[in-house]
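Chemist: First, the structure itself, so that you have it in front of you.
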Amino acid sequence: VMSSVREERMEALEVRIDRQLEEASRLRKAFDADLQEKLAQVQEVSALRNSLETGLQTKLATVQDDLAVVKKNTEKVSKALDDERVQLGGKLKTCYEFVENLIAEHKKEVEDKYDDILEEHFQTMEEQKQQLAKLQEMVG
């Protein structure tokens, strides 16, 4: 009788162990699936981050190019002013009027270009902030 009771207990323990092993296996598979999903999300975020960094580097290069053009234009204006002063000689009033007009025209052009660059940059940054917020929501 004792042997029979022991066998029944052993069988019951084996059944319980088998169930626990099945549950552990199911939990492990669910964990692995969740982990793979999170890894995929991290890879997606990394790819988007790299894309954003590349975009920002491109924008920075564009701004630097634009600033180089502005510098070149400023040098041209300066040279033009020097040339105009030499040509005008004693006509200082005419020279000053020309200088003032040239500076005013160039200043407006530079300000407009700078405003355009800043507006584009801030718009890009706002879009990138929104993308980052979406990514954080996905990962979060």
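Residue names in the structure tokens use chain letters A, B, ... in the order shown, residue numbers from 1 in each chain, and ligand numbers from 1 in the order shown.
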Using only C-alpha atoms, determine which residues lie at most 9 Å from Leu60 in chain A, disregarding the query and same-chain residues fewer than 5 positions distant; provide the list as a PDB file with N, CA and C atoms, in the first residue's frame.
Modeler:
ATOM      1  N   GLY A  55      20.686  63.474 -42.112  1.00  0.00           N
ATOM      2  CA  GLY A  55      19.934  64.638 -42.574  1.00  0.00           C
ATOM      3  C   GLY A  55      20.461  65.921 -41.970  1.00  0.00           C
ATOM      4  N   ASP A  65      27.659  75.896 -46.854  1.00  0.00           N
ATOM      5  CA  ASP A  65      27.820  76.334 -48.249  1.00  0.00           C
ATOM      6  C   ASP A  65      27.154  77.694 -48.465  1.00  0.00           C
ATOM      7  N   HIS A 121      15.728  75.103 -41.131  1.00  0.00           N
ATOM      8  CA  HIS A 121      16.394  74.332 -40.074  1.00  0.00           C
ATOM      9  C   HIS A 121      15.427  74.040 -38.926  1.00  0.00           C
TER      10      HIS A 121
END
Chemist: Could you work out how far CA of Gln128 in chain A lies from CA of Leu52 in chain A, giving the answer in Å with one decimal?
Modeler: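 Between these atoms lies a distance of 7.0 Å.
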Chemist: For a quick check of understanding, using only C-alpha atoms, which of A:Ser3, A:Gln41, A:Val99, A:Val69 has the smallest distance to Asp82 in chain A?
Modeler: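 Ranking A:Ser3, A:Gln41, A:Val99, A:Val69 by distance to Asp82 in chain A, first place goes to A:Val99.
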Chemist: Excluding Gln136 in chain A and any residue of its chain fewer than 2 positions from it, enumerate the residues within 12 Å of it, using only C-alpha atoms, and give them as a ChimeraX atom specification.
Modeler: /A:41-42,44-46,48-49,129-134,138-140
Chemist: Can you pull out every residue within 9 Å of Phe98 in chain A, counting only C-alpha atoms, but drop anything in the same chain fewer than 4 positions away, and send it as a PyMOL selection string?
Modeler: chain A and resi 81+84+93-94+102-103
Chemist: Would you mind telling me which residue in A:Val110, A:Ile17, A:Leu56, A:Val5 lies nearest to Phe122 in chain A when using only C-alpha atoms?
Modeler: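 Comparing A:Val110, A:Ile17, A:Leu56, A:Val5 against Phe122 in chain A, the winner is A:Leu56.
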Chemist: Given only C-alpha atoms as the basis, pick out the residue of A:Thr62, A:Ser25, A:Asn73, A:Ser51 nearest to Lys107 in chain A.
Modeler: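 Under the stated criterion, the closest residue is A:Asn73.
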Chemist: Would you compute the distance between CA of Asp34 in chain A and CA of Glu22 in chain A? Give it in Å to one decimal.
Modeler: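 We find that CA of Asp34 in chain A and CA of Glu22 in chain A lie 18.3 Å from each other.
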